[in-house]
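This is model00.cif (mmCIF, C-alpha atoms).
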data_input
#
loop_
_atom_site.label_atom_id
_atom_site.label_comp_id
_atom_site.auth_asym_id
_atom_site.auth_seq_id
_atom_site.Cartn_x
_atom_site.Cartn_y
_atom_site.Cartn_z
CA MET A 19 11.58 -6.77 -15.04
CA SER A 20 13.59 -7.28 -11.86
CA GLU A 21 13.38 -9.99 -9.23
CA ALA A 22 10.63 -9.19 -6.70
CA GLY A 23 12.07 -7.55 -3.60
CA ARG A 24 15.31 -6.68 -5.40
CA GLU A 25 14.05 -4.07 -7.83
CA PRO A 26 16.58 -1.26 -8.28
CA ILE A 27 15.33 1.88 -6.55
CA TYR A 28 16.88 5.14 -7.61
CA TYR A 29 17.44 8.38 -5.74
CA LEU A 30 17.64 11.45 -7.96
CA ASP A 31 19.15 14.60 -6.53
CA HIS A 32 18.22 17.36 -8.95
CA LEU A 33 20.25 20.43 -8.06
CA VAL A 34 19.99 23.81 -9.74
CA ALA A 35 23.31 25.45 -8.93
CA GLN A 36 23.85 29.12 -8.33
CA PRO A 37 25.37 30.72 -11.44
CA GLY A 38 28.99 29.68 -11.80
CA CYS A 39 28.83 27.35 -8.77
CA ALA A 40 28.03 23.96 -10.30
CA GLN A 41 31.58 22.59 -10.30
CA ALA A 42 32.18 23.65 -6.72
CA LEU A 43 28.82 22.24 -5.67
CA LEU A 44 29.56 18.90 -7.34
CA GLN A 45 32.99 18.79 -5.75
CA PHE A 46 31.51 19.46 -2.32
CA TYR A 47 28.83 16.82 -2.92
CA MET A 48 31.44 14.23 -3.90
CA SER A 49 33.75 15.01 -0.99
CA ASP A 50 31.21 15.48 1.81
CA TYR A 51 28.06 13.60 0.83
CA ALA A 52 29.02 10.73 -1.44
CA PRO A 53 31.38 8.87 0.93
CA GLN A 54 28.78 8.93 3.71
CA ALA A 55 26.04 7.76 1.36
CA ARG A 56 28.18 4.86 0.12
CA LEU A 57 28.72 3.77 3.70
CA ARG A 58 24.91 3.58 4.10
CA GLY A 59 24.61 1.10 1.23
CA MET A 60 23.87 3.54 -1.61
CA THR A 61 25.58 3.04 -4.99
CA LEU A 62 26.41 6.04 -7.14
CA VAL A 63 25.04 5.37 -10.64
CA HIS A 64 25.20 8.63 -12.62
CA ARG A 65 26.40 12.21 -12.38
CA TRP A 66 24.84 14.25 -15.16
CA VAL A 67 24.95 17.96 -15.92
CA THR A 68 23.02 20.20 -18.26
CA PRO A 69 24.12 21.96 -20.29
CA PRO A 70 27.37 19.97 -20.55
CA VAL A 71 29.49 23.06 -20.23
CA TRP A 72 30.35 24.77 -16.94
CA LEU A 73 28.46 28.04 -17.14
CA LYS A 74 29.96 31.11 -15.51
CA ALA A 75 26.99 33.46 -15.35
CA GLN A 76 24.04 31.06 -15.51
CA SER A 77 22.91 27.99 -13.64
CA ASN A 78 23.92 24.47 -14.48
CA GLU A 79 21.60 21.70 -13.35
CA LEU A 80 23.06 18.56 -11.82
CA PHE A 81 21.34 15.18 -11.77
CA ILE A 82 23.01 12.80 -9.34
CA ILE A 83 21.55 9.33 -9.24
CA TRP A 84 22.03 6.67 -6.60
CA SER A 85 20.54 3.22 -6.29
CA VAL A 86 19.75 0.55 -3.74
CA GLU A 87 18.40 -2.93 -4.33
CA GLY A 88 14.81 -3.30 -3.13
CA ALA A 89 12.50 -1.42 -0.76
CA GLN A 90 14.00 -3.04 2.33
CA ALA A 91 17.45 -1.75 1.37
CA TRP A 92 15.88 1.68 0.84
CA TRP A 93 14.59 1.60 4.44
CA ASP A 94 17.94 0.37 5.75
CA ALA A 95 19.76 3.26 4.07
CA THR A 96 17.08 5.74 5.15
CA ARG A 97 17.24 4.76 8.81
CA LEU A 98 21.02 5.12 8.76
CA ARG A 99 20.82 8.51 7.04
CA ARG A 100 18.25 9.84 9.48
CA ALA A 101 20.28 8.73 12.47
CA ASP A 102 23.27 10.71 11.24
CA PRO A 103 23.00 14.52 11.48
CA THR A 104 25.89 15.01 9.04
CA PHE A 105 23.51 14.40 6.11
CA VAL A 106 21.27 17.32 7.01
CA ALA A 107 24.34 19.40 7.88
CA PHE A 108 25.66 18.78 4.38
CA TRP A 109 22.54 20.27 2.78
CA GLU A 110 22.67 23.28 5.09
CA GLN A 111 26.29 23.93 4.14
CA ALA A 112 25.62 23.40 0.44
CA GLN A 113 22.57 25.69 0.39
CA PRO A 114 24.46 28.91 -0.56
CA MET A 115 25.52 27.19 -3.82
CA ILE A 116 21.98 26.00 -4.67
CA VAL A 117 19.10 27.91 -6.28
CA ASN A 118 16.71 25.04 -5.65
CA ARG A 119 16.79 21.30 -5.42
CA ARG A 120 14.59 18.27 -5.24
CA ARG A 121 15.09 14.65 -4.27
CA LEU A 122 12.96 12.06 -6.02
CA PHE A 123 12.70 8.29 -5.68
CA LEU A 124 12.24 6.34 -8.91
CA SER A 125 12.09 2.88 -10.40
CA ALA A 126 12.04 1.34 -13.83
CA VAL A 127 8.55 1.51 -15.31
CA ASP A 128 8.59 -2.25 -15.73
CA ASP A 129 9.06 -2.69 -11.95
CA VAL A 130 6.02 -0.69 -10.85
CA GLU A 131 3.67 -3.67 -10.73
CA SER A 132 6.10 -5.78 -8.75
CA LEU A 133 6.92 -2.96 -6.30
CA CYS A 134 3.23 -2.35 -5.63
CA ASP A 135 2.46 -6.04 -5.10
CA VAL A 136 3.14 -6.05 -1.37
CA MET B 24 -18.33 16.55 5.34
CA TRP B 25 -16.81 13.58 7.12
CA ASN B 26 -16.99 15.40 10.48
CA LEU B 27 -20.77 15.80 10.40
CA PHE B 28 -21.38 13.04 12.94
CA ALA B 29 -17.86 12.83 14.31
CA MET B 30 -17.06 10.99 17.49
CA TYR B 31 -14.57 12.37 19.97
CA ARG B 32 -11.64 10.11 20.65
CA VAL B 33 -8.69 9.69 22.96
CA ALA B 34 -5.54 7.67 22.34
CA LYS B 35 -2.72 7.14 24.79
CA VAL B 36 0.53 5.21 24.51
CA LEU B 37 1.60 4.13 27.98
CA THR B 38 5.04 3.09 29.16
CA VAL B 39 4.85 1.38 32.52
CA ALA B 40 7.34 2.36 35.22
CA GLU B 41 9.85 -0.19 36.40
CA GLY B 42 8.43 -2.04 39.37
CA ALA B 43 4.79 -1.22 38.60
CA GLU B 44 2.38 -4.07 37.99
CA PRO B 45 1.22 -3.72 34.35
CA LEU B 46 -1.89 -5.90 34.53
CA LEU B 47 -3.19 -4.23 37.67
CA LEU B 48 -2.48 -0.82 36.19
CA ALA B 49 -4.36 -1.69 33.00
CA GLU B 50 -7.28 -2.99 35.01
CA ARG B 51 -7.48 0.18 37.10
CA LEU B 52 -7.37 2.42 34.05
CA SER B 53 -9.95 0.35 32.16
CA HIS B 54 -12.23 0.55 35.16
CA THR B 55 -12.29 4.35 34.97
CA ALA B 56 -13.75 4.01 31.48
CA ASP B 57 -15.98 1.00 32.04
CA LYS B 58 -17.81 2.55 34.97
CA SER B 59 -18.80 5.68 33.03
CA PRO B 60 -21.73 5.70 30.58
CA LEU B 61 -20.03 8.64 28.86
CA VAL B 62 -17.40 6.30 27.42
CA LEU B 63 -18.92 4.59 24.40
CA LYS B 64 -15.93 2.34 23.83
CA SER B 65 -12.67 1.67 25.59
CA ALA B 66 -9.84 -0.68 24.70
CA LEU B 67 -6.58 -0.98 26.54
CA GLU B 68 -4.33 -3.47 24.79
CA PRO B 69 -0.69 -4.45 25.29
CA THR B 70 1.56 -3.38 22.44
CA LEU B 71 3.05 -6.11 20.29
CA PRO B 72 6.70 -7.08 20.84
CA GLU B 73 7.62 -5.84 17.35
CA ALA B 74 6.59 -2.29 18.36
CA ALA B 75 10.06 -1.43 19.65
CA ALA B 76 10.01 1.81 21.66
CA GLY B 77 6.24 1.88 21.20
CA GLY B 78 5.31 1.76 24.86
CA ASP B 79 3.63 -1.07 26.77
CA TYR B 80 -0.07 -0.33 26.23
CA ILE B 81 -2.33 1.55 23.85
CA TRP B 82 -5.47 2.93 25.46
CA ARG B 83 -8.25 4.19 23.24
CA MET B 84 -11.58 5.67 24.24
CA GLN B 85 -14.50 6.93 22.24
CA PHE B 86 -17.08 9.55 23.26
CA ALA B 87 -20.16 10.92 21.55
CA GLY B 88 -18.61 14.37 21.61
CA GLU B 89 -16.02 16.56 23.26
CA ARG B 90 -18.53 17.65 25.90
CA ASP B 91 -18.87 14.04 27.08
CA TYR B 92 -15.11 13.69 27.17
CA GLN B 93 -14.78 16.82 29.30
CA ALA B 94 -17.51 15.50 31.61
CA TRP B 95 -15.67 12.19 31.95
CA LEU B 96 -12.44 14.05 32.74
CA ALA B 97 -14.22 15.88 35.56
CA ASP B 98 -15.63 12.64 36.96
CA ALA B 99 -14.13 9.17 36.49
CA GLY B 100 -11.31 10.70 34.48
CA ARG B 101 -9.89 12.22 37.67
CA GLU B 102 -8.95 8.77 38.88
CA ALA B 103 -7.41 7.98 35.51
CA ALA B 104 -5.43 11.22 35.62
CA SER B 105 -4.05 10.41 39.06
CA ILE B 106 -2.79 7.09 37.72
CA LEU B 107 -1.45 8.54 34.48
CA ASN B 108 0.41 11.30 36.32
CA ASP B 109 2.01 9.00 38.89
CA PRO B 110 5.68 8.44 37.92
CA ALA B 111 5.80 5.36 40.14
CA LEU B 112 3.21 3.75 37.84
CA LEU B 113 3.91 5.19 34.42
CA ARG B 114 7.29 6.24 33.07
CA HIS B 115 5.92 8.01 30.00
CA VAL B 116 2.59 8.80 28.37
CA ASP B 117 1.99 10.17 24.89
CA ALA B 118 -1.63 11.23 24.56
CA VAL B 119 -3.95 12.92 22.09
CA ASP B 120 -7.64 13.71 21.93
CA TYR B 121 -9.32 14.52 18.67
CA GLU B 122 -12.44 14.65 16.61
CA ASP B 123 -12.70 12.14 13.79
CA GLY B 124 -10.71 13.05 10.73
CA ARG B 125 -11.08 11.61 7.27
CA ALA B 126 -11.52 7.83 7.33
CA GLY B 127 -11.74 5.00 4.85
CA SER B 128 -12.57 1.33 4.84
CA LYS B 129 -12.27 -1.50 2.35
CA ARG B 130 -14.24 -4.06 4.34
CA PRO B 131 -15.32 -4.81 7.90
CA LEU B 132 -12.62 -6.08 10.21
CA ASP B 133 -13.59 -7.64 13.53
CA ARG B 134 -10.08 -8.23 14.75
CA GLY B 135 -6.53 -7.67 13.63
CA VAL B 136 -3.70 -5.25 14.24
CA TYR B 137 -4.26 -1.58 15.10
CA ARG B 138 -1.44 0.86 14.54
CA LEU B 139 -1.16 4.53 15.41
CA LEU B 140 1.39 7.14 14.50
CA LEU B 141 1.51 10.41 16.40
CA ILE B 142 2.97 13.16 14.25
CA ASN B 143 4.18 16.67 14.98
CA VAL B 144 3.90 18.81 11.86
CA ASN B 145 6.14 21.58 13.16
CA ASN B 146 7.74 23.01 10.04
CA ALA B 147 4.93 23.45 7.53
CA PRO B 148 5.43 26.36 5.14
CA ASP B 149 1.68 27.01 4.91
CA LEU B 150 -1.74 25.52 5.64
CA ALA B 151 -2.04 24.27 2.07
CA SER B 152 0.93 21.95 2.66
CA VAL B 153 -0.71 20.56 5.78
CA ALA B 154 -3.95 19.96 3.87
CA ARG B 155 -2.02 18.21 1.10
CA PHE B 156 -0.22 16.03 3.64
CA GLU B 157 -3.54 15.07 5.25
CA CYS B 158 -5.07 14.26 1.87
CA GLU B 159 -2.12 12.15 0.74
CA THR B 160 -2.03 10.33 4.07
CA TYR B 161 -5.69 9.45 3.63
CA GLU B 162 -4.89 8.20 0.12
CA MET B 163 -2.34 5.73 1.51
CA GLY B 164 -5.32 3.60 2.47
CA LEU B 165 -6.55 3.64 -1.11
CA TYR B 166 -3.21 2.62 -2.62
CA ILE B 167 -1.74 0.22 -0.06
CA PRO B 168 -3.51 -3.14 -0.11
CA GLY B 169 -2.63 -4.17 3.46
CA ILE B 170 -4.46 -1.19 5.02
CA VAL B 171 -8.04 -2.31 5.61
CA ARG B 172 -9.42 0.67 7.56
CA TRP B 173 -7.78 3.99 8.25
CA ARG B 174 -8.17 7.56 9.52
CA ILE B 175 -6.06 10.71 9.61
CA SER B 176 -7.15 13.24 12.22
CA PRO B 177 -5.86 16.60 13.39
CA VAL B 178 -5.31 16.60 17.14
CA LYS B 179 -7.12 18.93 19.51
CA GLU B 180 -5.04 18.39 22.66
CA ALA B 181 -1.73 16.58 22.99
CA SER B 182 0.85 15.73 25.60
CA GLY B 183 4.00 13.65 25.83
CA ALA B 184 7.28 13.83 24.00
CA ARG B 185 5.98 16.33 21.42
CA PRO B 186 2.99 18.63 20.86
CA TRP B 187 1.43 16.11 18.48
CA THR B 188 -0.62 17.67 15.70
CA HIS B 189 -1.99 14.56 13.95
CA ILE B 190 -2.85 10.96 14.59
CA TRP B 191 -2.65 8.51 11.70
CA GLU B 192 -4.46 5.26 12.47
CA GLN B 193 -4.71 2.05 10.51
CA GLU B 194 -6.20 -1.40 10.96
CA TYR B 195 -4.70 -4.46 9.33
CA GLN B 196 -5.81 -8.04 9.10
CA ASP B 197 -2.45 -9.18 10.46
CA LEU B 198 1.03 -7.94 11.23
CA ASP B 199 2.24 -8.57 7.67
CA GLY B 200 -0.19 -5.92 6.53
CA LEU B 201 1.75 -3.36 8.56
CA LEU B 202 5.32 -4.62 8.42
CA LYS B 203 5.28 -5.68 4.77
CA SER B 204 2.46 -4.13 2.76
CA TYR B 205 2.49 -0.71 4.47
CA MET B 206 6.23 -0.41 4.92
CA LEU B 207 7.30 -1.72 1.52
CA HIS B 208 4.70 -0.08 -0.71
CA PRO B 209 6.13 2.68 -2.92
CA HIS B 210 3.31 5.07 -2.01
CA HIS B 211 4.93 5.10 1.41
CA TRP B 212 8.67 5.26 0.77
CA ALA B 213 8.75 6.98 -2.63
CA TRP B 214 5.91 9.46 -2.10
CA MET B 215 4.79 10.12 1.49
CA ASN B 216 8.35 9.89 2.76
CA ARG B 217 9.21 13.36 1.48
CA TRP B 218 7.19 15.01 4.26
CA TYR B 219 9.19 13.07 6.88
CA ASP B 220 12.66 12.99 5.29
CA PRO B 221 14.96 15.79 6.53
CA GLU B 222 16.90 15.54 3.27
CA CYS B 223 13.87 16.33 1.13
CA VAL B 224 12.93 19.96 0.59
CA GLU B 225 9.29 19.14 1.39
CA HIS B 226 10.25 17.95 4.88
CA MET B 227 7.96 19.46 7.53
CA ILE B 228 7.47 16.78 10.18
CA ASP B 229 9.42 16.49 13.41
CA ASN B 230 11.77 13.51 13.23
CA HIS B 231 10.53 12.25 16.57
CA LEU B 232 7.41 10.14 16.03
CA CYS B 233 5.30 8.02 18.33
CA HIS B 234 4.63 4.75 16.54
CA SER B 235 2.95 1.80 18.20
CA PHE B 236 0.64 -1.10 17.47
CA CYS B 237 -1.39 -3.75 19.20
CA ASN B 238 -3.97 -6.41 18.50
CA PHE B 239 -7.60 -5.34 18.57
CA GLN B 240 -10.81 -7.29 19.10
CA SER B 241 -13.28 -4.67 17.96
CA SER B 242 -12.77 -1.97 15.35
CA PHE B 243 -12.64 1.68 16.42
CA LEU B 244 -12.36 2.84 12.83
CA GLU B 245 -15.93 2.67 11.66
CA PRO B 246 -16.23 5.08 8.76
CA GLU B 247 -19.58 6.65 8.05
CA ASN B 248 -19.11 5.73 4.40
CA GLY B 249 -17.91 2.39 3.07
CA PRO B 250 -18.10 -1.13 4.37
#
What would you get if you wrote out this structure as structure tokens?
Amino acid sequence: MSEAGREPIYYLDHLVAQPGCAQALLQFYMSDYAPQARLRGMTLVHRWVTPPVWLKAQSNELFIIWSVEGAQAWWDATRLRRADPTFVAFWEQAQPMIVNRRRLFLSAVDDVESLCDV
Amino acid sequence: MWNLFAMYRVAKVLTVAEGAEPLLLAERLSHTADKSPLVLKSALEPTLPEAAAGGDYIWRMQFAGERDYQAWLADAGREAASILNDPALLRHVDAVDYEDGRAGSKRPLDRGVYRLLLINVNNAPDLASVARFECETYEMGLYIPGIVRWRISPVKEASGARPWTHIWEQEYQDLDGLLKSYMLHPHHWAWMNRWYDPECVEHMIDNHLCHSFCNFQSSFLEPENGP
């Protein structure tokens, strides 16, 4: 269980890449999204792919996970992201390489009680 | 079901023009409500300093029905309109009128902090998404302890910076209820946020919002069910 107010909060970008595009999509994400996100206080935690082989004719799925420390830090990063149109522009440019995607916000199960006690 | 005995309501966020006298202006506007028996309730309160960019006053009125509101507009409301439309007195006005939407209450609250959010749902893929958004917004009151009374209503008429489609109102015991409990609860940032966040695929709400809050002395959020 984490210290109240400093619970790690995770962002999960789940991306289903167009067939054969996963490597290029990840490269674009790392070059055009990741540096901007880091500047807004987000820490890159994991970059996962399934299946762990770059498929040529089918879709790989990417799971890119970021974290911030506490809900206030989440708001700080969010306000900075929303004030900067380059974040939305990134997703528009990446769209041709994506079948579908979803962004989720998560925490450790053990932190739920503390996060909700506000 | 919750609209069976719905009131008709008006909410306006007023930004006073430079050089205008705010107290006199507020008094003149309040008078246009106070002198009419059609207005069941009226409250014109200064916004709190923490409501950055949230205007100078919030004016709320309550009518028995839309017909009474229209009758007020044609009578005492004319004077109010002349004030509201005078750029020498008011720099900006965001306004909505609406029939009661779905409301909830955990307990009576005689005084506290009232907060409104005017929303423009301008990119909804279908009506089902709008209905889901309204339902989940209502549920914020159930999950977030700081929200004491609340209501989400579709807007009938709107003016101002955007063609507002919804008003989301809450009452809190104190400012911590809004700035801490509401803002920091995961139902807000990890769940409802997706409708507002341009980076989420569920995003369907205009980024420009009208958010303001003030103290209140008498609740306008009396649900027909609940305490």
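For the set A:Met115, A:Ile83, A:Val63, A:Ala89, the residue with the smallest atom-to-atom gap to chain B is A:Ala89, counting all atoms listed in the file.
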Test item: the PyMOL selection byres ((chain B) within 8 of (chain A)) resolved as a ChimeraX atom specification: /B:167-169,203-205,207-209,212-214,220-224
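This file gives the following result for the PyMOL selection byres ((chain A and resi 78) around 7): Val34, Ala35, Ala40, Val67, Thr68, Pro69, Trp72, Leu73, Gln76, Ser77, Glu79 and Leu80 of chain A.
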Atom CA of B:Gly88 to atom CA of B:Glu50, distance in Å rounded to a single decimal: 24.7 Å
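The gap separating atom CA of A:Ala95 from atom CA of A:Arg58 is 5.2 Å, in Å to one decimal.
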Selection under test: the PyMOL selection byres ((chain B and resi 84) around 8); residues as a ChimeraX atom specification: /B:32-34,56,62-66,82-83,85-86
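Of the listed residues A:Val117, A:Leu33, A:Ile82, A:Val71, the one whose atoms come nearest to A:Ala52 is A:Ile82, with distances taken using only C-alpha atoms.
Counting from atom CA of B:Ile190, the distance to atom CA of B:Gly135 is 19.0 Å.
When all atoms listed in the file are used to measure the gap to B:Asn230, the shortest distance among B:Ile142, B:Ala154, B:Ala76, B:Ala87 belongs to B:Ile142.
Residue nearest B:Thr38 within the list B:Ala94, B:Leu112, B:Ala103, B:Ala184: B:Leu112 [criterion: smallest interatomic distance, all atoms listed in the file].
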Ref. answer, residues at most 8 Å from (9.0, 21.9, 8.7) with only C-alpha atoms, as a ChimeraX atom specification: /B:144-148,225-229
Contacts of B:Ile170 within 10 Å, only C-alpha atoms, excl. fewer than 2 positions in-chain, as a PDB file with C-alpha atoms, in the coordinates of the input:
ATOM      1  CA  GLY B 127     -11.740   5.000   4.850  1.00  0.00           C
ATOM      2  CA  SER B 128     -12.570   1.330   4.840  1.00  0.00           C
ATOM      3  CA  LYS B 129     -12.270  -1.500   2.350  1.00  0.00           C
ATOM      4  CA  MET B 163      -2.340   5.730   1.510  1.00  0.00           C
ATOM      5  CA  GLY B 164      -5.320   3.600   2.470  1.00  0.00           C
ATOM      6  CA  LEU B 165      -6.550   3.640  -1.110  1.00  0.00           C
ATOM      7  CA  TYR B 166      -3.210   2.620  -2.620  1.00  0.00           C
ATOM      8  CA  ILE B 167      -1.740   0.220  -0.060  1.00  0.00           C
ATOM      9  CA  PRO B 168      -3.510  -3.140  -0.110  1.00  0.00           C
ATOM     10  CA  ARG B 172      -9.420   0.670   7.560  1.00  0.00           C
ATOM     11  CA  TRP B 173      -7.780   3.990   8.250  1.00  0.00           C
ATOM     12  CA  GLU B 192      -4.460   5.260  12.470  1.00  0.00           C
ATOM     13  CA  GLN B 193      -4.710   2.050  10.510  1.00  0.00           C
ATOM     14  CA  GLU B 194      -6.200  -1.400  10.960  1.00  0.00           C
ATOM     15  CA  TYR B 195      -4.700  -4.460   9.330  1.00  0.00           C
ATOM     16  CA  GLN B 196      -5.810  -8.040   9.100  1.00  0.00           C
ATOM     17  CA  ASP B 197      -2.450  -9.180  10.460  1.00  0.00           C
ATOM     18  CA  GLY B 200      -0.190  -5.920   6.530  1.00  0.00           C
ATOM     19  CA  LEU B 201       1.750  -3.360   8.560  1.00  0.00           C
ATOM     20  CA  SER B 204       2.460  -4.130   2.760  1.00  0.00           C
ATOM     21  CA  TYR B 205       2.490  -0.710   4.470  1.00  0.00           C
TER      22      TYR B 205
END
Ref. answer, residues at most 8 Å from (29.2, 33.3, -13.4) with all atoms listed in the file, as number ranges by chain: A: 37-39, 73-76
